[in-house]
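These notes are about the structure you will find just below.
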Amino acid sequence: MAVYTRLGAEEMARIIAAFDVGTLVSAKGIAEGVSNSNWLIETQCFDASKRFILTIYESRTEIGDLPFFLDLLDHLAARDCPVPRTIHDREGASYRLHQGKALALIEFLPGVSVSEPTPGQARAVGEALAQVHLAGRDFPGRRANGMGRDAWKQLLGDCGREGLAALDPGLPELVERELALVTSEWPAHLPHSVIHADLFPDNVLMLGDKVTGLIDFYFACVDVTAYDVAVTHAAWCFSADGRHFLPQLSAALLEGYQSLRPLSADERTALPLLARAASLRFLATRAYDWANTPADALVTPKDPLAFARRLAFYAQDCNAGLFA
Ligand SMILES: Nc1ncnc2c1ncn2[C@@H]1O[C@H](COP(=O)(O)OP(=O)(O)O)[C@@H](O)[C@H]1O
Ligand SMILES: N[C@@H](CCOP(=O)(O)O)C(=O)O
């Protein structure tokens with residue numbers, strides 16, 4: 001469930017009236033998602049019925065970052081990437097403030113998030129990711145990766161050796177070794193670009209093999225481009241529990257990506273390390289949330305060990321050639 005902010009019907013109608021989208025017909029809270037509050041909004045504009053997503057940004061999204069995220073959506077949409085456009089209000093602003101929180105109205109896109117992707121779907125996601133990387137090249141916005149190496153160190157440090165060992169006795173040693181490795185060998189020389197940084201299946205809307213929407217750009221930033229390929233690989237090419245690597249999905253994802261943006265030899269060489277880094281990043285947030293989510297919270301924390309298993313997989317010598 002992700003509706004943290006309660007809005008009465010009249011209040012919702014006043015919010016929607018600030019946009020030139022017709023009159024409010026219905027507003028349904030959306031259960032999926034964990035970070036922000038989302039509603040599916042239906043309006044009537046002359047004879048046409050229209051749908052939008054209203055998002056109220058909660059504590060994890062900095063208001064100062066919204067121009068980067070929302071301008072990026074408009075930039076990518078204008079270059080035919082399958083991302084939702086932001087609906088600007090009657091004064092031309094991409095977000096508004098409401099009782100101290102920011103809110104935005106976003107184009108509704110059709111499609112569903114798949115939970116057991118096929119190779120055809122993985123290929124399409126690889127293509128869509130490359131499309132974003134290429135279309136983002138002339139985006140002028142800048143945002144550092146707030147969930148980069150320093151953040152992983154902080155989050156994993158906060159968990160402590162005992163906290164990690166409570167999840168799995170071998171975890172402290174694995175984390176210590178891998179954190180030292182990815183920090184000392186981080187390939188800062190590789191090309192940078194705008195990256196999504198969280199392109200999991202639940203952030204991709206699809207109809208059959210077609211990507212109809214890439215959503216949830218709220219970790220987007222400028223970072224090593226191939227790191228985004230590694231994040232997407234870790235997110236899509238394993239069973240959800242991380243126990244099984246799915247080689248057909250891996251081949252299809254990389255093929256789709258490279259059909260639009262071929263990886264350089266240096267990027268391919270760095271991908272095994274970047275995949276270990278990507279696994280650490282999600283292990284870090286999940287381990288932290290596992291220990292720190294209050295028991296009565298309306299959110300189910302995600303399993304950190306699913307990413308510890310991916311990390312152990314990518315770290316095996318026999319898998320170093322995975323991206324060759
Ligand atoms: N533009 C959109 N079009 C259609 N559905 C959307 C759109 N944006 C979000 N959603 C729906 O809202 C849910 C939560 O959105 P998301 O941005 O992932 O929230 P959170 O940031 O809380 O994770 C998605 O799983 C999807 O069902
Ligand atoms: N994709 C991350 C969780 C990020 O949450 P989101 O709802 O904002 O996408 C994970 O799986 O750990």
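Each chain of the structure tokens is named A, B, ... in the order shown, its residues numbered from 1; ligands are numbered from 1 in display order.
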
Counting only C-alpha atoms, give me one row per residue of range 66-157 of chain A with an atom at most 6 Å from an atom of range 198-205 of chain A, showing the shortest contact pair and its distance in Å to one decimal, sorted by chain then residue number, as CSV.
residue,atom,partner,partner_atom,distance
A:Gly111,CA,A:Leu205,CA,4.7
A:Val112,CA,A:Leu205,CA,4.7
A:Ser113,CA,A:Leu205,CA,4.9

Those same residues - N, CA and C atoms - I'd like them written as a compact mmCIF listing (two decimals), in the first residue's frame.
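Output below, filename selection-v9.txt:
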# COMPACT_ATOMS: atom_id res chain seq x y z
N GLY A 111 -0.36 -0.60 -19.57
CA GLY A 111 0.62 -1.68 -19.42
C GLY A 111 0.64 -2.23 -18.01
N VAL A 112 1.31 -3.37 -17.85
CA VAL A 112 1.44 -4.02 -16.53
C VAL A 112 2.91 -4.34 -16.29
N SER A 113 3.26 -4.50 -15.03
CA SER A 113 4.63 -4.91 -14.67
C SER A 113 4.68 -6.43 -14.67

Grab me every residue within 6 Å of ligand 1, counting only C-alpha atoms and all ligand atoms, and send it over as a list of chain:residue names.
A:Ile30, A:Glu32, A:Gly33, A:Val34, A:Ser35, A:Asn36, A:Ile53, A:Pro84, A:Ile106, A:Glu107, A:Phe108, A:Leu109, A:Pro110, A:Asp202, A:Asn203, A:Ile215, A:Asp216

Hey, which of A:Arg90, A:Arg60, A:His192, A:His133 ends up closest to ligand 2? Count only C-alpha atoms and all ligand atoms.
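Once distances to ligand 2 are computed over only C-alpha atoms and all ligand atoms, the minimum belongs to A:Arg60.
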
Write out as a ChimeraX atom specification the residues lying within 9 Å of Arg143 in chain A, counting only C-alpha atoms and excluding same-chain residues fewer than 5 positions away.
/A:65,68,194,220-223

Next, write the just-selected residues to a file, as a short mmCIF file (atom, residue, chain, number, x, y, z; two decimals), in the first residue's frame, keeping N, CA and C atoms as the atom set.
data_model
loop_
_atom_site.label_atom_id
_atom_site.label_comp_id
_atom_site.auth_asym_id
_atom_site.auth_seq_id
_atom_site.Cartn_x
_atom_site.Cartn_y
_atom_site.Cartn_z
N ASP A 65 15.10 18.10 -5.75
CA ASP A 65 15.46 17.20 -6.86
C ASP A 65 14.35 17.10 -7.91
N PHE A 68 14.89 18.17 -11.57
CA PHE A 68 15.70 17.21 -12.33
C PHE A 68 14.83 16.05 -12.80
N VAL A 194 22.91 10.29 -17.97
CA VAL A 194 21.73 10.16 -17.12
C VAL A 194 21.42 8.67 -17.02
N ALA A 220 16.97 8.62 -10.41
CA ALA A 220 17.74 8.98 -11.61
C ALA A 220 18.83 9.99 -11.24
N CYS A 221 19.92 9.92 -11.97
CA CYS A 221 21.08 10.78 -11.64
C CYS A 221 22.06 10.66 -12.81
N VAL A 222 23.19 11.34 -12.66
CA VAL A 222 24.26 11.19 -13.66
C VAL A 222 25.33 10.29 -13.02
N ASP A 223 25.62 9.18 -13.69
CA ASP A 223 26.62 8.24 -13.15
C ASP A 223 27.14 7.39 -14.32
#

Among the residues of range 119-300 of chain A, find those DSSP assigns to alpha helix (DSSP H) from the backbone and print them as JSON, numbers by chain.
{"A": [119, 120, 121, 122, 123, 124, 125, 126, 127, 128, 129, 130, 131, 132, 133, 134, 135, 149, 150, 151, 152, 153, 154, 155, 156, 157, 158, 159, 160, 161, 162, 163, 164, 165, 166, 167, 171, 172, 173, 174, 175, 176, 177, 178, 179, 180, 181, 182, 183, 184, 225, 226, 227, 228, 229, 230, 231, 232, 233, 234, 235, 236, 247, 248, 249, 250, 251, 252, 253, 254, 255, 256, 257, 258, 259, 260, 265, 266, 267, 268, 269, 270, 271, 272, 273, 274, 275, 276, 277, 278, 279, 280, 281, 282, 283, 284, 285, 286, 287, 288, 289, 290, 291, 292]}

Do you have the atom 12 (O, counted along the ligand's line) of ligand 2-CA of Gly100 in chain A distance handy?
27.6 Å

Would you pick out the contacts of Cys159 in chain A at 8 Å or less, using only C-alpha atoms, so that residues sharing its chain but fewer than 4 positions from it are not included, and give the list as a ChimeraX atom specification?
/A:155,163-164,287-288,291

Which residues, written as a list in words, have at least one atom at most 7 Å from Leu271 in chain A, with only C-alpha atoms counted and residues fewer than 2 positions away on the same chain left out?
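Final neighbour list, sorted by chain and number: Ala226, Ala230, Glu267, Arg268, Thr269, Leu273, Leu274, Ala275 and Phe323 of chain A.
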
Let me see the file: selected residues, C-alpha atoms, as a short mmCIF file (atom, residue, chain, number, x, y, z; two decimals), in the first residue's frame.
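Saved to again.cif:
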data_model
loop_
_atom_site.label_atom_id
_atom_site.label_comp_id
_atom_site.auth_asym_id
_atom_site.auth_seq_id
_atom_site.Cartn_x
_atom_site.Cartn_y
_atom_site.Cartn_z
CA ALA A 226 27.30 0.81 -17.75
CA ALA A 230 24.48 -3.76 -14.39
CA GLU A 267 32.56 -1.18 -20.40
CA ARG A 268 32.28 -4.93 -20.97
CA THR A 269 35.42 -5.50 -18.91
CA LEU A 273 32.52 -5.44 -11.09
CA LEU A 274 29.58 -3.09 -11.75
CA ALA A 275 27.16 -6.00 -11.29
CA PHE A 323 29.37 -10.07 -20.13
#

Let me make sure I understand: among A:Val229, A:Ala270, A:Leu283, A:Ala27, which one has the smallest atom-to-atom distance to ligand 2 if we use only C-alpha atoms and all ligand atoms?
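Smallest distance to ligand 2 is found for A:Leu283.
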
A:Ala18, A:Ala128, A:Leu322, A:Ala9: which is nearest Ile87 in chain A, counting only C-alpha atoms?
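Nearest to Ile87 in chain A: A:Ala18.
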
In Å, how far is it from CA of Ile63 in chain A to CA of Ala102 in chain A?
6.6 Å

Please give the complete set of residues from range 5-180 of chain A that DSSP, run on the backbone, assigns to strand (DSSP E or B), formatted as an MDAnalysis selection string.
chainID A and resid 23:29 37:45 48:56 86:87 96:98 101:107 112

Residues from the last selection, N, CA and C atoms, saved as an mmCIF file, in the first residue's frame:
data_model
loop_
_atom_site.group_PDB
_atom_site.id
_atom_site.type_symbol
_atom_site.label_atom_id
_atom_site.label_comp_id
_atom_site.auth_asym_id
_atom_site.auth_seq_id
_atom_site.Cartn_x
_atom_site.Cartn_y
_atom_site.Cartn_z
ATOM 1 N N THR A 23 -12.678 18.199 -15.361
ATOM 2 C CA THR A 23 -13.134 18.091 -13.962
ATOM 3 C C THR A 23 -12.921 16.679 -13.427
ATOM 4 N N LEU A 24 -12.673 16.631 -12.132
ATOM 5 C CA LEU A 24 -12.371 15.350 -11.489
ATOM 6 C C LEU A 24 -13.593 14.434 -11.496
ATOM 7 N N VAL A 25 -13.411 13.199 -11.941
ATOM 8 C CA VAL A 25 -14.489 12.202 -11.911
ATOM 9 C C VAL A 25 -14.213 11.166 -10.821
ATOM 10 N N SER A 26 -12.966 10.699 -10.735
ATOM 11 C CA SER A 26 -12.642 9.754 -9.665
ATOM 12 C C SER A 26 -11.158 9.819 -9.328
ATOM 13 N N ALA A 27 -10.828 9.373 -8.116
ATOM 14 C CA ALA A 27 -9.428 9.334 -7.659
ATOM 15 C C ALA A 27 -9.271 8.067 -6.824
ATOM 16 N N LYS A 28 -8.485 7.141 -7.333
ATOM 17 C CA LYS A 28 -8.323 5.865 -6.609
ATOM 18 C C LYS A 28 -6.885 5.713 -6.145
ATOM 19 N N GLY A 29 -6.695 5.457 -4.859
ATOM 20 C CA GLY A 29 -5.353 5.237 -4.319
ATOM 21 C C GLY A 29 -4.742 3.996 -4.943
ATOM 22 N N SER A 37 2.994 8.629 -2.338
ATOM 23 C CA SER A 37 1.554 8.350 -2.421
ATOM 24 C C SER A 37 1.096 8.593 -3.857
ATOM 25 N N ASN A 38 0.359 7.645 -4.418
ATOM 26 C CA ASN A 38 -0.080 7.735 -5.822
ATOM 27 C C ASN A 38 -1.573 7.481 -5.952
ATOM 28 N N TRP A 39 -2.224 8.234 -6.838
ATOM 29 C CA TRP A 39 -3.642 8.017 -7.152
ATOM 30 C C TRP A 39 -3.814 7.934 -8.665
ATOM 31 N N LEU A 40 -4.716 7.069 -9.082
ATOM 32 C CA LEU A 40 -5.152 7.063 -10.480
ATOM 33 C C LEU A 40 -6.319 8.053 -10.562
ATOM 34 N N ILE A 41 -6.137 9.096 -11.368
ATOM 35 C CA ILE A 41 -7.121 10.181 -11.477
ATOM 36 C C ILE A 41 -7.866 10.065 -12.798
ATOM 37 N N GLU A 42 -9.181 10.171 -12.740
ATOM 38 C CA GLU A 42 -9.958 10.213 -13.982
ATOM 39 C C GLU A 42 -10.648 11.567 -14.059
ATOM 40 N N THR A 43 -10.585 12.199 -15.229
ATOM 41 C CA THR A 43 -11.270 13.489 -15.406
ATOM 42 C C THR A 43 -12.156 13.430 -16.650
ATOM 43 N N GLN A 44 -13.059 14.409 -16.703
ATOM 44 C CA GLN A 44 -13.905 14.562 -17.891
ATOM 45 C C GLN A 44 -13.561 15.912 -18.510
ATOM 46 N N CYS A 45 -13.164 15.868 -19.778
ATOM 47 C CA CYS A 45 -12.778 17.102 -20.456
ATOM 48 C C CYS A 45 -13.580 17.169 -21.745
ATOM 49 N N ALA A 48 -14.447 13.879 -23.586
ATOM 50 C CA ALA A 48 -13.424 12.841 -23.423
ATOM 51 C C ALA A 48 -13.134 12.562 -21.953
ATOM 52 N N SER A 49 -12.937 11.281 -21.672
ATOM 53 C CA SER A 49 -12.502 10.904 -20.332
ATOM 54 C C SER A 49 -10.973 10.727 -20.381
ATOM 55 N N LYS A 50 -10.280 11.257 -19.376
ATOM 56 C CA LYS A 50 -8.810 11.199 -19.389
ATOM 57 C C LYS A 50 -8.298 10.622 -18.079
ATOM 58 N N ARG A 51 -7.110 9.992 -18.153
ATOM 59 C CA ARG A 51 -6.530 9.400 -16.939
ATOM 60 C C ARG A 51 -5.130 9.967 -16.673
ATOM 61 N N PHE A 52 -4.821 10.134 -15.409
ATOM 62 C CA PHE A 52 -3.512 10.659 -14.989
ATOM 63 C C PHE A 52 -3.080 9.952 -13.709
ATOM 64 N N ILE A 53 -1.799 10.125 -13.367
ATOM 65 C CA ILE A 53 -1.300 9.673 -12.057
ATOM 66 C C ILE A 53 -0.972 10.924 -11.246
ATOM 67 N N LEU A 54 -1.555 11.008 -10.051
ATOM 68 C CA LEU A 54 -1.186 12.091 -9.135
ATOM 69 C C LEU A 54 -0.231 11.509 -8.092
ATOM 70 N N THR A 55 0.926 12.144 -7.956
ATOM 71 C CA THR A 55 1.897 11.686 -6.948
ATOM 72 C C THR A 55 2.109 12.776 -5.915
ATOM 73 N N ILE A 56 2.027 12.392 -4.647
ATOM 74 C CA ILE A 56 2.466 13.294 -3.579
ATOM 75 C C ILE A 56 3.792 12.724 -3.081
ATOM 76 N N THR A 86 5.050 15.029 -17.825
ATOM 77 C CA THR A 86 4.441 15.689 -16.666
ATOM 78 C C THR A 86 3.405 16.674 -17.204
ATOM 79 N N ILE A 87 2.314 16.807 -16.466
ATOM 80 C CA ILE A 87 1.275 17.775 -16.851
ATOM 81 C C ILE A 87 1.560 19.040 -16.050
ATOM 82 N N ARG A 96 3.624 21.306 -7.719
ATOM 83 C CA ARG A 96 2.995 22.289 -6.851
ATOM 84 C C ARG A 96 3.240 21.914 -5.399
ATOM 85 N N LEU A 97 3.113 22.869 -4.521
ATOM 86 C CA LEU A 97 3.228 22.557 -3.097
ATOM 87 C C LEU A 97 1.836 22.508 -2.499
ATOM 88 N N HIS A 98 1.592 21.498 -1.652
ATOM 89 C CA HIS A 98 0.292 21.360 -1.012
ATOM 90 C C HIS A 98 0.549 20.941 0.431
ATOM 91 N N LYS A 101 3.964 19.606 1.215
ATOM 92 C CA LYS A 101 4.497 18.515 0.392
ATOM 93 C C LYS A 101 4.396 18.909 -1.076
ATOM 94 N N ALA A 102 5.234 18.305 -1.908
ATOM 95 C CA ALA A 102 5.162 18.579 -3.343
ATOM 96 C C ALA A 102 4.279 17.532 -3.995
ATOM 97 N N LEU A 103 3.586 17.939 -5.054
ATOM 98 C CA LEU A 103 2.782 16.981 -5.818
ATOM 99 C C LEU A 103 2.947 17.265 -7.302
ATOM 100 N N ALA A 104 2.754 16.216 -8.114
ATOM 101 C CA ALA A 104 2.817 16.391 -9.575
ATOM 102 C C ALA A 104 1.760 15.506 -10.219
ATOM 103 N N LEU A 105 1.292 15.972 -11.377
ATOM 104 C CA LEU A 105 0.326 15.204 -12.160
ATOM 105 C C LEU A 105 1.088 14.696 -13.383
ATOM 106 N N ILE A 106 0.960 13.401 -13.635
ATOM 107 C CA ILE A 106 1.771 12.752 -14.668
ATOM 108 C C ILE A 106 0.863 11.978 -15.602
ATOM 109 N N GLU A 107 1.259 11.918 -16.846
ATOM 110 C CA GLU A 107 0.500 11.169 -17.846
ATOM 111 C C GLU A 107 0.351 9.706 -17.403
ATOM 112 N N VAL A 112 1.315 -3.374 -17.849
ATOM 113 C CA VAL A 112 1.444 -4.016 -16.533
ATOM 114 C C VAL A 112 2.912 -4.343 -16.291
#

Atomic distance CA of Arg286 in chain A - CA of Pro304 in chain A, expressed in Å with one decimal:
4.8 Å

Choose the residue, out of A:Gly321, A:Gly242, A:Pro272, A:Gly170, that has the smallest atom-to-atom separation from ligand 2; count only C-alpha atoms and all ligand atoms.
A:Gly242

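Distances to ligand 2 were evaluated for A:Tyr57, A:Phe139, A:Phe282, A:Tyr4 using only C-alpha atoms and all ligand atoms, and the minimum falls at A:Phe282.
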
For Ser184 in chain A, list every protein, DNA or RNA residue within 12 Å, evaluated using only C-alpha atoms, and leave out those in the same chain fewer than 4 positions away; present the list as an MDAnalysis selection string.
chainID A and resid 149 177:180 188 273 277

Can I get the selection written as a tab-separated table (two decimals), in the first residue's frame, with N, CA and C atoms?
chain	number	residue	atom	x	y	z
A	149	ARG	N	28.31	4.95	-3.64
A	149	ARG	CA	29.16	4.14	-2.75
A	149	ARG	C	29.16	4.64	-1.30
A	177	ARG	N	34.47	-7.54	2.05
A	177	ARG	CA	35.36	-7.81	0.92
A	177	ARG	C	34.89	-7.09	-0.35
A	178	GLU	N	33.59	-7.18	-0.63
A	178	GLU	CA	33.06	-6.62	-1.88
A	178	GLU	C	33.03	-5.09	-1.85
A	179	LEU	N	32.72	-4.54	-0.70
A	179	LEU	CA	32.69	-3.08	-0.58
A	179	LEU	C	34.09	-2.51	-0.83
A	180	ALA	N	35.10	-3.17	-0.27
A	180	ALA	CA	36.48	-2.71	-0.46
A	180	ALA	C	36.85	-2.82	-1.94
A	188	ALA	N	35.72	4.91	-12.72
A	188	ALA	CA	35.27	6.30	-12.89
A	188	ALA	C	35.60	6.84	-14.28
A	273	LEU	N	32.34	-6.22	-12.33
A	273	LEU	CA	32.52	-5.44	-11.09
A	273	LEU	C	31.29	-4.57	-10.84
A	277	ALA	N	28.71	-4.28	-7.73
A	277	ALA	CA	28.35	-3.00	-7.11
A	277	ALA	C	26.83	-2.84	-7.04

Nearest to ligand 2 among A:Leu280, A:Ala78, A:Ala252, A:Val114, with distances taken over only C-alpha atoms and all ligand atoms: which residue is it?
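Using only C-alpha atoms and all ligand atoms, the shortest distance to ligand 2 belongs to A:Leu280.
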